[in-house]
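The structure file data24.tsv is reproduced below (TSV, C-alpha atoms).
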```
chain	number	residue	atom	x	y	z
N	1	MET	CA	80.49	-84.71	28.89
N	2	ARG	CA	83.02	-83.46	31.44
N	3	THR	CA	82.59	-81.85	34.83
N	4	GLN	CA	84.64	-81.38	37.97
N	5	VAL	CA	82.42	-83.34	40.38
N	6	VAL	CA	79.75	-85.95	39.67
N	7	ILE	CA	77.20	-86.25	42.47
N	8	VAL	CA	75.31	-89.55	42.45
N	9	GLY	CA	71.97	-88.95	44.15
N	10	GLY	CA	69.60	-86.00	43.97
N	11	GLY	CA	68.38	-85.98	47.56
N	12	PRO	CA	69.05	-83.15	50.01
N	13	SER	CA	72.70	-84.03	50.72
N	14	GLY	CA	73.63	-84.21	47.03
N	15	LEU	CA	71.73	-81.04	46.24
N	16	LEU	CA	73.22	-79.13	49.17
N	17	LEU	CA	76.72	-80.18	48.14
N	18	SER	CA	76.07	-79.12	44.55
N	19	GLN	CA	74.80	-75.73	45.64
N	20	LEU	CA	77.76	-75.07	47.95
N	21	LEU	CA	80.22	-76.11	45.24
N	22	MET	CA	78.52	-73.88	42.69
N	23	LYS	CA	78.81	-70.89	45.04
N	24	ASP	CA	82.57	-71.49	45.01
N	25	GLY	CA	82.74	-71.83	41.24
N	26	ILE	CA	83.08	-75.62	41.21
N	27	GLU	CA	81.04	-77.38	38.53
N	28	ALA	CA	78.98	-80.43	39.46
N	29	VAL	CA	76.50	-82.67	37.63
N	30	VAL	CA	73.83	-84.45	39.73
N	31	LEU	CA	72.54	-87.88	38.65
N	32	GLU	CA	69.22	-89.06	40.11
N	33	ARG	CA	67.56	-92.43	39.55
N	34	GLN	CA	64.02	-91.20	40.24
N	35	THR	CA	61.91	-88.36	38.90
N	36	LYS	CA	61.98	-84.99	40.61
N	37	ALA	CA	58.36	-85.48	41.71
N	38	HIS	CA	59.25	-88.80	43.33
N	39	VAL	CA	62.13	-87.26	45.30
N	40	LEU	CA	59.89	-84.44	46.49
N	41	GLY	CA	57.22	-86.94	47.51
N	42	ARG	CA	59.40	-88.59	50.16
N	43	ILE	CA	58.17	-87.91	53.69
N	44	ARG	CA	61.07	-87.47	56.06
N	45	ALA	CA	61.92	-85.88	59.39
N	46	GLY	CA	62.47	-82.19	59.78
N	47	VAL	CA	64.43	-81.29	62.93
N	48	LEU	CA	67.43	-79.28	61.75
N	49	GLU	CA	70.56	-78.51	63.75
N	50	MET	CA	71.92	-74.98	63.65
N	51	GLY	CA	74.90	-76.25	61.65
N	52	PHE	CA	72.56	-77.50	58.92
N	53	VAL	CA	70.67	-74.20	58.85
N	54	ASP	CA	73.95	-72.31	58.61
N	55	LEU	CA	74.96	-74.44	55.59
N	56	MET	CA	71.63	-73.65	53.91
N	57	ARG	CA	72.31	-69.96	54.49
N	58	GLU	CA	75.83	-70.30	53.12
N	59	ALA	CA	74.39	-71.99	50.04
N	60	GLY	CA	71.95	-69.09	49.60
N	61	VAL	CA	68.81	-71.21	49.96
N	62	ALA	CA	67.56	-70.41	53.47
N	63	GLU	CA	65.14	-67.58	52.77
N	64	ARG	CA	61.96	-69.67	53.17
N	65	LEU	CA	63.50	-71.78	55.94
N	66	ASP	CA	64.25	-68.63	57.96
N	67	ARG	CA	60.77	-67.30	57.31
N	68	GLU	CA	58.69	-70.45	57.87
N	69	GLY	CA	60.83	-72.69	60.09
N	70	PHE	CA	59.83	-73.15	63.74
N	71	VAL	CA	62.64	-72.43	66.19
N	72	HIS	CA	62.51	-74.83	69.15
N	73	ASP	CA	64.34	-74.00	72.36
N	74	GLY	CA	63.53	-77.32	74.02
N	75	ALA	CA	61.88	-80.72	73.87
N	76	VAL	CA	59.83	-82.78	76.33
N	77	LEU	CA	60.70	-86.31	77.41
N	78	SER	CA	57.85	-88.10	79.13
N	79	PHE	CA	57.73	-91.37	81.00
N	80	ASP	CA	54.06	-92.12	81.50
N	81	ASN	CA	52.96	-88.85	83.17
N	82	ASP	CA	56.41	-87.93	84.48
N	83	GLN	CA	57.83	-85.21	82.22
N	84	VAL	CA	61.29	-83.70	81.85
N	85	ARG	CA	61.76	-80.63	79.65
N	86	ILE	CA	65.19	-80.31	78.13
N	87	ASP	CA	65.79	-76.55	77.82
N	88	PHE	CA	68.16	-76.21	74.87
N	89	GLY	CA	68.45	-72.44	75.22
N	90	ALA	CA	69.33	-72.43	78.92
N	91	LEU	CA	71.61	-75.47	78.69
N	92	THR	CA	73.49	-74.70	75.47
N	93	GLY	CA	72.51	-71.26	74.20
N	94	ARG	CA	71.46	-72.96	70.96
N	95	HIS	CA	68.28	-74.30	69.38
N	96	VAL	CA	66.92	-76.49	66.58
N	97	THR	CA	64.60	-75.58	63.73
N	98	VAL	CA	61.61	-77.66	62.66
N	99	TYR	CA	61.29	-77.55	58.88
N	100	GLY	CA	60.36	-80.58	56.80
N	101	GLN	CA	63.01	-82.38	54.77
N	102	THR	CA	60.66	-82.26	51.78
N	103	GLU	CA	60.70	-78.46	52.03
N	104	VAL	CA	64.50	-78.44	52.30
N	105	THR	CA	64.71	-80.53	49.12
N	106	ARG	CA	62.19	-78.32	47.35
N	107	ASP	CA	64.17	-75.18	48.22
N	108	LEU	CA	67.38	-76.77	46.97
N	109	TYR	CA	65.79	-77.85	43.68
N	110	ASP	CA	64.26	-74.40	43.17
N	111	ALA	CA	67.67	-72.84	43.70
N	112	ARG	CA	69.37	-75.30	41.34
N	113	ASP	CA	66.73	-74.69	38.68
N	114	ARG	CA	67.73	-71.02	38.72
N	115	THR	CA	71.34	-71.89	37.87
N	116	VAL	CA	73.17	-73.54	34.99
N	117	GLY	CA	73.86	-76.63	37.12
N	118	ARG	CA	72.76	-79.86	35.46
N	119	THR	CA	70.54	-82.40	37.21
N	120	ILE	CA	69.80	-85.51	35.17
N	121	PHE	CA	66.78	-87.52	36.33
N	122	GLU	CA	65.64	-91.07	35.61
N	123	VAL	CA	69.09	-92.50	35.02
N	124	SER	CA	69.79	-96.22	35.36
N	125	ASP	CA	72.74	-98.63	35.38
N	126	VAL	CA	75.04	-96.10	37.00
N	127	GLU	CA	78.63	-97.39	37.18
N	128	LEU	CA	81.74	-95.75	38.64
N	129	HIS	CA	85.10	-96.32	36.95
N	130	ASP	CA	88.82	-95.78	37.58
N	131	LEU	CA	88.30	-94.52	41.12
N	132	GLU	CA	91.93	-95.07	42.07
N	133	THR	CA	93.21	-92.88	39.25
N	134	ASP	CA	93.11	-89.11	38.76
N	135	LYS	CA	90.70	-89.57	35.84
N	136	PRO	CA	87.57	-91.29	37.18
N	137	PHE	CA	84.40	-91.37	35.14
N	138	VAL	CA	80.76	-92.39	35.45
N	139	THR	CA	78.61	-94.24	32.95
N	140	TYR	CA	74.82	-94.45	33.01
N	141	ARG	CA	71.83	-95.10	30.81
N	142	LYS	CA	69.22	-92.51	29.93
N	143	GLY	CA	66.47	-93.00	27.37
N	144	GLY	CA	68.01	-96.28	26.22
N	145	GLU	CA	71.40	-94.67	25.51
N	146	GLU	CA	74.62	-95.27	27.44
N	147	LEU	CA	76.33	-92.01	28.38
N	148	ARG	CA	79.60	-91.07	30.08
N	149	ILE	CA	80.76	-88.22	32.31
N	150	ASP	CA	84.45	-87.65	32.94
N	151	CYS	CA	85.29	-85.89	36.18
N	152	ASP	CA	87.83	-85.21	38.91
N	153	PHE	CA	85.83	-86.56	41.86
N	154	ILE	CA	82.64	-88.50	42.58
N	155	ALA	CA	80.37	-87.90	45.59
N	156	GLY	CA	78.17	-90.87	46.44
N	157	CYS	CA	75.01	-89.34	47.92
N	158	ASP	CA	72.74	-92.15	46.72
N	159	GLY	CA	71.52	-93.63	49.99
N	160	PHE	CA	71.77	-97.00	51.67
N	161	HIS	CA	70.64	-98.94	48.57
N	162	GLY	CA	72.73	-96.94	46.10
N	163	VAL	CA	75.63	-98.15	43.99
N	164	SER	CA	78.38	-95.94	45.39
N	165	ARG	CA	79.29	-97.76	48.60
N	166	LYS	CA	79.63	-101.09	46.78
N	167	ASN	CA	82.54	-99.66	44.77
N	168	ILE	CA	84.74	-99.77	47.85
N	169	PRO	CA	86.31	-103.25	47.75
N	170	ASP	CA	85.09	-105.86	50.22
N	171	THR	CA	88.68	-106.27	51.39
N	172	VAL	CA	88.72	-102.60	52.42
N	173	ARG	CA	85.13	-101.85	53.41
N	174	ARG	CA	84.02	-102.66	56.94
N	175	GLU	CA	80.36	-102.40	57.92
N	176	PHE	CA	78.82	-102.10	61.38
N	177	GLU	CA	75.11	-102.64	61.90
N	178	LYS	CA	72.49	-102.96	64.60
N	179	VAL	CA	68.89	-103.73	63.61
N	180	TYR	CA	66.30	-102.89	66.26
N	181	PRO	CA	63.45	-105.35	66.89
N	182	PHE	CA	60.66	-102.85	66.19
N	183	GLY	CA	59.62	-100.10	63.81
N	184	TRP	CA	57.84	-96.76	63.87
N	185	LEU	CA	54.32	-96.44	62.52
N	186	GLY	CA	53.97	-92.83	61.45
N	187	ILE	CA	51.08	-90.74	60.20
N	188	LEU	CA	50.84	-87.25	58.80
N	189	SER	CA	47.63	-85.35	59.51
N	190	GLU	CA	46.29	-81.89	58.77
N	191	THR	CA	45.81	-81.10	62.44
N	192	PRO	CA	47.46	-78.61	64.82
N	193	PRO	CA	50.36	-80.02	66.86
N	194	VAL	CA	49.48	-81.25	70.32
N	195	HIS	CA	52.35	-79.25	71.85
N	196	ASP	CA	54.61	-76.34	70.93
N	197	GLU	CA	57.65	-78.64	71.25
N	198	LEU	CA	58.35	-82.25	70.37
N	199	ILE	CA	57.24	-84.84	72.92
N	200	TYR	CA	59.33	-88.01	73.17
N	201	ALA	CA	57.11	-90.37	75.14
N	202	SER	CA	58.07	-93.66	76.77
N	203	SER	CA	55.53	-95.99	78.35
N	204	SER	CA	55.06	-99.64	79.16
N	205	ARG	CA	53.08	-99.89	75.89
N	206	GLY	CA	56.01	-98.58	73.86
N	207	PHE	CA	57.45	-95.37	72.49
N	208	ALA	CA	55.57	-92.48	70.84
N	209	LEU	CA	56.65	-89.19	69.28
N	210	CYS	CA	54.58	-86.07	68.80
N	211	SER	CA	56.12	-83.86	66.14
N	212	MET	CA	54.99	-81.33	63.55
N	213	ARG	CA	55.69	-79.84	60.14
N	214	ASN	CA	53.85	-76.53	60.58
N	215	ALA	CA	51.00	-74.98	62.54
N	216	ASN	CA	48.42	-77.16	60.77
N	217	LEU	CA	50.40	-80.25	59.83
N	218	SER	CA	51.39	-82.79	62.47
N	219	ARG	CA	53.55	-85.90	62.38
N	220	TYR	CA	53.01	-88.64	64.97
N	221	TYR	CA	54.73	-91.98	65.52
N	222	ILE	CA	54.23	-95.04	67.66
N	223	GLN	CA	56.55	-97.98	68.17
N	224	CYS	CA	55.18	-101.15	66.61
N	225	PRO	CA	56.31	-104.72	65.80
N	226	LEU	CA	58.19	-105.14	62.55
N	227	SER	CA	55.56	-107.65	61.49
N	228	ASP	CA	52.83	-104.98	61.46
N	229	LYS	CA	51.51	-103.54	58.20
N	230	ALA	CA	50.52	-99.89	57.92
N	231	GLU	CA	47.31	-100.75	56.08
N	232	THR	CA	46.07	-102.88	58.99
N	233	TRP	CA	46.15	-99.88	61.31
N	234	SER	CA	43.01	-97.75	61.06
N	235	ASP	CA	43.29	-94.07	61.91
N	236	ASP	CA	41.08	-94.60	64.97
N	237	ALA	CA	43.30	-97.44	66.20
N	238	PHE	CA	46.40	-95.26	65.79
N	239	TRP	CA	44.94	-92.28	67.64
N	240	GLY	CA	43.68	-94.52	70.42
N	241	GLU	CA	47.10	-96.11	70.92
N	242	LEU	CA	48.88	-92.76	70.77
N	243	ARG	CA	46.68	-91.39	73.56
N	244	LEU	CA	47.64	-94.30	75.80
N	245	ARG	CA	51.36	-93.58	75.41
N	246	ILE	CA	51.61	-89.80	75.83
N	247	PRO	CA	51.05	-87.73	79.00
N	248	ALA	CA	47.41	-87.36	80.06
N	249	GLU	CA	47.33	-83.60	79.48
N	250	ALA	CA	48.64	-84.09	75.93
N	251	ALA	CA	46.13	-86.91	75.30
N	252	GLU	CA	43.30	-84.61	76.32
N	253	ALA	CA	44.53	-81.80	74.06
N	254	LEU	CA	45.15	-84.05	71.04
N	255	VAL	CA	43.25	-83.01	67.89
N	256	THR	CA	42.76	-85.96	65.54
N	257	GLY	CA	41.84	-86.21	61.90
N	258	PRO	CA	42.23	-88.37	58.79
N	259	SER	CA	45.77	-89.41	57.98
N	260	ILE	CA	47.15	-88.13	54.68
N	261	GLU	CA	50.16	-90.47	54.82
N	262	LYS	CA	50.81	-93.61	56.83
N	263	SER	CA	53.86	-95.86	56.80
N	264	ILE	CA	56.10	-98.06	58.95
N	265	ALA	CA	59.83	-97.42	59.10
N	266	PRO	CA	62.30	-99.97	60.51
N	267	LEU	CA	65.02	-98.75	62.87
N	268	ARG	CA	68.65	-99.45	62.10
N	269	SER	CA	72.10	-98.23	63.08
N	270	PHE	CA	74.66	-98.63	60.28
N	271	VAL	CA	78.15	-97.32	59.51
N	272	SER	CA	80.44	-98.17	56.61
N	273	GLU	CA	84.15	-97.43	56.84
N	274	PRO	CA	86.02	-95.82	55.17
N	275	MET	CA	83.96	-93.04	53.61
N	276	ARG	CA	86.57	-92.39	50.91
N	277	TRP	CA	88.08	-94.68	48.30
N	278	GLY	CA	90.38	-93.01	45.78
N	279	ARG	CA	88.35	-90.28	44.08
N	280	LEU	CA	85.04	-91.52	45.57
N	281	PHE	CA	83.52	-89.95	48.69
N	282	LEU	CA	80.42	-91.26	50.47
N	283	CYS	CA	77.93	-88.84	52.02
N	284	GLY	CA	74.87	-89.39	54.19
N	285	ASP	CA	72.86	-92.61	54.05
N	286	ALA	CA	75.31	-94.11	51.55
N	287	ALA	CA	77.72	-94.42	54.49
N	288	HIS	CA	75.62	-94.33	57.66
N	289	ILE	CA	72.09	-94.61	59.00
N	290	VAL	CA	70.78	-93.80	62.47
N	291	PRO	CA	67.45	-94.59	64.11
N	292	PRO	CA	65.30	-91.45	63.98
N	293	THR	CA	65.04	-91.13	67.77
N	294	GLY	CA	67.87	-88.61	67.95
N	295	ALA	CA	66.86	-86.59	64.83
N	296	LYS	CA	70.32	-87.09	63.34
N	297	GLY	CA	69.81	-88.63	59.88
N	298	LEU	CA	69.70	-85.52	57.70
N	299	ASN	CA	71.94	-83.62	60.11
N	300	SER	CA	74.66	-86.27	59.90
N	301	ALA	CA	74.52	-86.04	56.12
N	302	ALA	CA	74.95	-82.27	56.39
N	303	SER	CA	78.16	-82.65	58.40
N	304	ASP	CA	79.53	-84.95	55.67
N	305	VAL	CA	78.68	-82.28	53.11
N	306	PHE	CA	80.45	-79.68	55.26
N	307	TYR	CA	83.72	-81.65	55.37
N	308	LEU	CA	83.62	-82.64	51.71
N	309	HIS	CA	82.75	-79.16	50.48
N	310	ARG	CA	85.59	-77.64	52.51
N	311	GLY	CA	88.03	-80.25	51.26
N	312	LEU	CA	87.11	-79.81	47.60
N	313	THR	CA	87.17	-76.03	47.87
N	314	ARG	CA	90.71	-76.09	49.32
N	315	TYR	CA	91.79	-78.46	46.56
N	316	TYR	CA	90.51	-76.30	43.72
N	317	ALA	CA	91.36	-72.91	45.24
N	318	GLU	CA	94.75	-73.69	46.77
N	319	GLY	CA	95.87	-77.04	45.38
N	320	ASP	CA	95.78	-78.37	48.94
N	321	SER	CA	94.55	-81.98	49.10
N	322	GLY	CA	94.69	-82.26	52.90
N	323	GLY	CA	90.94	-81.75	53.33
N	324	ILE	CA	89.95	-84.50	50.92
N	325	GLU	CA	92.63	-86.86	52.22
N	326	ARG	CA	91.29	-86.48	55.78
N	327	TYR	CA	87.61	-86.42	54.78
N	328	SER	CA	86.81	-89.94	55.94
N	329	GLU	CA	88.62	-89.49	59.25
N	330	LYS	CA	86.85	-86.24	60.07
N	331	ALA	CA	83.42	-87.37	58.92
N	332	LEU	CA	83.55	-90.69	60.77
N	333	ALA	CA	84.68	-89.06	64.03
N	334	ARG	CA	81.42	-87.11	64.10
N	335	VAL	CA	79.32	-89.95	62.66
N	336	TRP	CA	80.17	-92.28	65.55
N	337	LYS	CA	79.24	-89.61	68.10
N	338	THR	CA	75.83	-89.15	66.47
N	339	GLN	CA	75.44	-92.93	66.37
N	340	ARG	CA	76.09	-93.06	70.12
N	341	PHE	CA	73.48	-90.41	70.83
N	342	SER	CA	70.85	-92.04	68.60
N	343	TRP	CA	71.54	-95.44	70.19
N	344	TYR	CA	71.24	-93.86	73.67
N	345	MET	CA	67.91	-92.18	72.92
N	346	THR	CA	66.52	-95.34	71.32
N	347	THR	CA	67.60	-97.52	74.23
N	348	LEU	CA	66.27	-95.08	76.81
N	349	LEU	CA	62.81	-94.52	75.35
N	350	HIS	CA	61.68	-97.78	73.74
N	351	HIS	CA	60.17	-100.92	75.17
N	352	PHE	CA	62.23	-103.88	73.98
N	353	PRO	CA	60.87	-107.42	73.50
N	354	ASN	CA	61.85	-109.72	76.38
N	355	GLN	CA	62.91	-106.72	78.43
N	356	SER	CA	63.74	-107.85	81.96
N	357	ASP	CA	62.68	-106.17	85.19
N	358	PHE	CA	66.30	-105.13	85.63
N	359	ASP	CA	66.31	-103.44	82.22
N	360	ILE	CA	63.17	-101.54	83.11
N	361	ARG	CA	64.66	-100.40	86.42
N	362	MET	CA	67.74	-99.16	84.57
N	363	GLN	CA	65.56	-97.07	82.26
N	364	GLU	CA	63.76	-95.66	85.29
N	365	ALA	CA	67.08	-94.85	86.98
N	366	GLU	CA	68.31	-93.06	83.86
N	367	ILE	CA	65.08	-91.09	83.74
N	368	ALA	CA	65.52	-90.04	87.38
N	369	HIS	CA	69.12	-89.08	86.60
N	370	LEU	CA	67.95	-86.86	83.74
N	371	ARG	CA	65.27	-85.25	85.86
N	372	GLU	CA	67.55	-84.51	88.81
N	373	VAL	CA	70.98	-83.80	87.33
N	374	ARG	CA	71.45	-80.67	85.25
N	375	THR	CA	74.69	-81.89	83.69
N	376	ALA	CA	72.85	-84.96	82.37
N	377	GLN	CA	70.30	-82.67	80.72
N	378	GLU	CA	73.14	-80.53	79.37
N	379	THR	CA	74.83	-83.55	77.76
N	380	LEU	CA	71.57	-84.56	76.08
N	381	ALA	CA	70.92	-81.00	74.92
N	382	ILE	CA	74.45	-80.54	73.50
N	383	ASN	CA	74.03	-83.66	71.39
N	384	TYR	CA	70.47	-82.89	70.32
N	385	VAL	CA	71.15	-79.35	69.06
N	386	GLY	CA	74.22	-80.64	67.23
N	387	LEU	CA	77.89	-81.20	67.90
N	388	PRO	CA	80.29	-78.76	66.21
N	389	TYR	CA	81.73	-79.70	62.83
```
Let's see the structure in the file written out as structure tokens.
Amino acid sequence: MRTQVVIVGGGPSGLLLSQLLMKDGIEAVVLERQTKAHVLGRIRAGVLEMGFVDLMREAGVAERLDREGFVHDGAVLSFDNDQVRIDFGALTGRHVTVYGQTEVTRDLYDARDRTVGRTIFEVSDVELHDLETDKPFVTYRKGGEELRIDCDFIAGCDGFHGVSRKNIPDTVRREFEKVYPFGWLGILSETPPVHDELIYASSSRGFALCSMRNANLSRYYIQCPLSDKAETWSDDAFWGELRLRIPAEAAEALVTGPSIEKSIAPLRSFVSEPMRWGRLFLCGDAAHIVPPTGAKGLNSAASDVFYLHRGLTRYYAEGDSGGIERYSEKALARVWKTQRFSWYMTTLLHHFPNQSDFDIRMQEAEIAHLREVRTAQETLAINYVGLPY
């Protein structure tokens, strides 16, 4: 088989790239290790920057997102009962859209199913070859048979544990990582959200987040030790702890119910440089991970897709390789800014083990600064709604 671009990974970044390329007449084959049902079963965040929404529109897959997504013009930061609303609209003239990542992925698969684009599921033993030549190829196994795809370029959209990043030689690849000493215990419940906007809550007991997927589906998180197990937390214990961490008026309004999903996610900051090696390009979690506090994971992947799509389009339409040659430089410049913002939000809002009295006073001073200084709120809002590509 031959194609122009092989995309390793059938998550939202790989699918969005494939859809954008197809709109420009560029052929791509998507390889996915899991089944389609497994990919659609992943529970992920759903706060989308305007840039991401614009890419979905450009790809022709935003009809349901525009119809069902919740536009948010602000978010609430609380520190015990002291609340600061960050007014995105007034501060930036922009907003975010709440729409679950699962729904984004579903829309992208539905769109791809209506085209001639090939998505091959349940592949194994994926290997990338001849990346430093102009004739790279990919081999994989499917149904016990080894198969090969020849191509011009390979996009590694296969996540942190995928094979793509490891093809950049150790002598070239440089990795940066910070592992946080806590995780997030999250539950999904068929209950109305406690507030019209997201509440990022900091307290002496730890961090909590009140989020939502739609008018009758809520997503809540609490900071917990990494040693905790989701199955040891009863629903009642979770709701009780959440109430102690959010503002009193929100605790009183909270509607509880049985959890339909419960899990613990570790928090990590990670960047791998460079994001290009020969004909291989890394996108999304294959190259970088952020803690979810800043809502940047999926959005950072979208900016990678933006730069790579533009570069490939210029190459095929004009024979201009400048976009692909500068892909890593452009992508990483924005990646590190989103890393800074996610690190800032995580440091500001969480209770850290062995935190000193000085550290606590610094958090309190930063909170006062946010509450009193409009330019501080503006900086937070600019980063939250999304930096320009």
Taking all atoms listed in the file into account, produce a table as CSV in which each residue of segment 30-118 of chain N with an atom at most 9 Å from an atom of segment 301-310 of chain N appears once, together with its shortest atom pair and the distance in Å to one decimal, ordered by chain and rising number.
```
residue,atom,partner,partner_atom,distance
N:Gly51,CA,N:Ser303,CA,7.9
N:Phe52,CA,N:Ala302,CA,5.9
N:Leu55,CA,N:Phe306,CA,7.6
```
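Closest approach to Gln377 of chain N among N:Asp87, N:Glu190, N:Glu58, N:Glu325: N:Asp87, based on all atoms listed in the file.
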For this session: Choose the residue, out of N:Glu273, N:Asp158, N:Asp80, N:Glu252, that has the smallest atom-to-atom separation from Gly10 of chain N; count all atoms listed in the file.
Result: N:Asp158
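Minimum atom-to-atom distances from N:Ile222, N:Val76, N:Ile120, N:Leu267 to Thr347 of chain N were compared using only C-alpha atoms, and the lowest value belongs to N:Leu267.
Note that the spacing between atom CA of Thr102 of chain N and atom CA of Ser263 of chain N amounts to 16.0 Å.
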For this session: Report the distance between atom CA of His161 of chain N and atom CA of Val8 of chain N in Å, rounded to one decimal place.
Result: 12.1 Å
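Of the residues listed (N:Ala251, N:Val104, N:Leu91, N:Cys151), N:Val104 shows the shortest atom-to-atom separation from Leu48 of chain N; distances use all atoms listed in the file.
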At a cut-off of 9 Å, can you tabulate as a Markdown table every residue of segment 183-208 of chain N near segment 246-250 of chain N together with its closest atom pair and the distance in Å to one decimal, using only C-alpha atoms and ordering rows by chain then number?
```
| residue | atom | partner | partner_atom | distance |
| --- | --- | --- | --- | --- |
| N:Val194 | CA | N:Ala250 | CA | 6.3 |
| N:His195 | CA | N:Ala250 | CA | 7.3 |
| N:Ile199 | CA | N:Ile246 | CA | 8.0 |
| N:Tyr200 | CA | N:Ile246 | CA | 8.4 |
| N:Ala201 | CA | N:Ile246 | CA | 5.6 |
| N:Ser202 | CA | N:Ile246 | CA | 7.6 |
| N:Ser203 | CA | N:Ile246 | CA | 7.7 |
| N:Phe207 | CA | N:Ile246 | CA | 8.7 |
| N:Ala208 | CA | N:Ile246 | CA | 6.9 |
```
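Distances here use only C-alpha atoms; by that measure, the residue among N:Asp82, N:Glu241, N:Asp110, N:Asp235 closest to Thr256 of chain N is N:Asp235.
Shortest separation to Ala75 of chain N among N:Phe153, N:Phe270, N:Tyr384, N:Phe182 occurs at residue N:Tyr384, atoms counted being all atoms listed in the file.
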Problem set entry | Non-local contacts of Thr139 of chain N (12 Å; only C-alpha atoms; under 3 positions in same chain excluded) as an MDAnalysis selection string | chainID N and resid 1:2 6 8 31 123:130 136 142 145:151 154
Problem set entry | Separation of atom CA of Ile289 of chain N from atom CA of Ser269 of chain N, in Å and rounded to one decimal | 5.5 Å
Kindly assemble as a Markdown table a list of the segment 193-284 of chain N residues that lie within 12 Å of segment 15-21 of chain N, each paired with its nearest atom pair and their distance in Å to one decimal, using all atoms listed in the file, sorted first by chain and then by ascending residue number.
```
| residue | atom | partner | partner_atom | distance |
| --- | --- | --- | --- | --- |
| N:Phe281 | CA | N:Leu17 | CA | 11.9 |
| N:Leu282 | CA | N:Leu17 | CA | 11.9 |
| N:Cys283 | CA | N:Leu17 | CA | 9.6 |
| N:Gly284 | CA | N:Leu17 | CA | 11.2 |
```
8 Å contact set for segment 329-341 of chain N, all atoms listed in the file, chain neighbours under 3 positions out, as a PDB file with C-alpha atoms, in the frame of the given file:
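Everything below was put into part_36.pdb:
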```pdb
ATOM      1  CA  SER N 269      72.100 -98.230  63.080  1.00  0.00           C
ATOM      2  CA  GLU N 273      84.150 -97.430  56.840  1.00  0.00           C
ATOM      3  CA  PRO N 274      86.020 -95.820  55.170  1.00  0.00           C
ATOM      4  CA  MET N 275      83.960 -93.040  53.610  1.00  0.00           C
ATOM      5  CA  HIS N 288      75.620 -94.330  57.660  1.00  0.00           C
ATOM      6  CA  VAL N 290      70.780 -93.800  62.470  1.00  0.00           C
ATOM      7  CA  GLY N 294      67.870 -88.610  67.950  1.00  0.00           C
ATOM      8  CA  LYS N 296      70.320 -87.090  63.340  1.00  0.00           C
ATOM      9  CA  SER N 300      74.660 -86.270  59.900  1.00  0.00           C
ATOM     10  CA  SER N 303      78.160 -82.650  58.400  1.00  0.00           C
ATOM     11  CA  ASP N 304      79.530 -84.950  55.670  1.00  0.00           C
ATOM     12  CA  TYR N 307      83.720 -81.650  55.370  1.00  0.00           C
ATOM     13  CA  ARG N 326      91.290 -86.480  55.780  1.00  0.00           C
ATOM     14  CA  TYR N 344      71.240 -93.860  73.670  1.00  0.00           C
ATOM     15  CA  MET N 345      67.910 -92.180  72.920  1.00  0.00           C
ATOM     16  CA  ASN N 383      74.030 -83.660  71.390  1.00  0.00           C
ATOM     17  CA  LEU N 387      77.890 -81.200  67.900  1.00  0.00           C
ATOM     18  CA  TYR N 389      81.730 -79.700  62.830  1.00  0.00           C
TER      19      TYR N 389
END
```
Exercise. Can you find the residues with an atom no farther than 10 Å from (62.8, -72.5, 69.6), counting all atoms listed in the file, and report them as a VMD selection string?
Worked result: chain N and resid 69 to 75 87 to 89 94 to 98 196 to 197
Write out as a Markdown table the residues of segment 209-327 of chain N that have any atom within 12 Å of an atom of segment 353-363 of chain N, one row each with the nearest atom pair and its distance in Å to one decimal, counting all atoms listed in the file, sorted by chain and then rising number.
```
| residue | atom | partner | partner_atom | distance |
| --- | --- | --- | --- | --- |
| N:Gln223 | CA | N:Pro353 | CA | 11.7 |
| N:Cys224 | CA | N:Pro353 | CA | 10.9 |
| N:Pro225 | CA | N:Pro353 | CA | 9.3 |
| N:Leu226 | CA | N:Pro353 | CA | 11.5 |
```
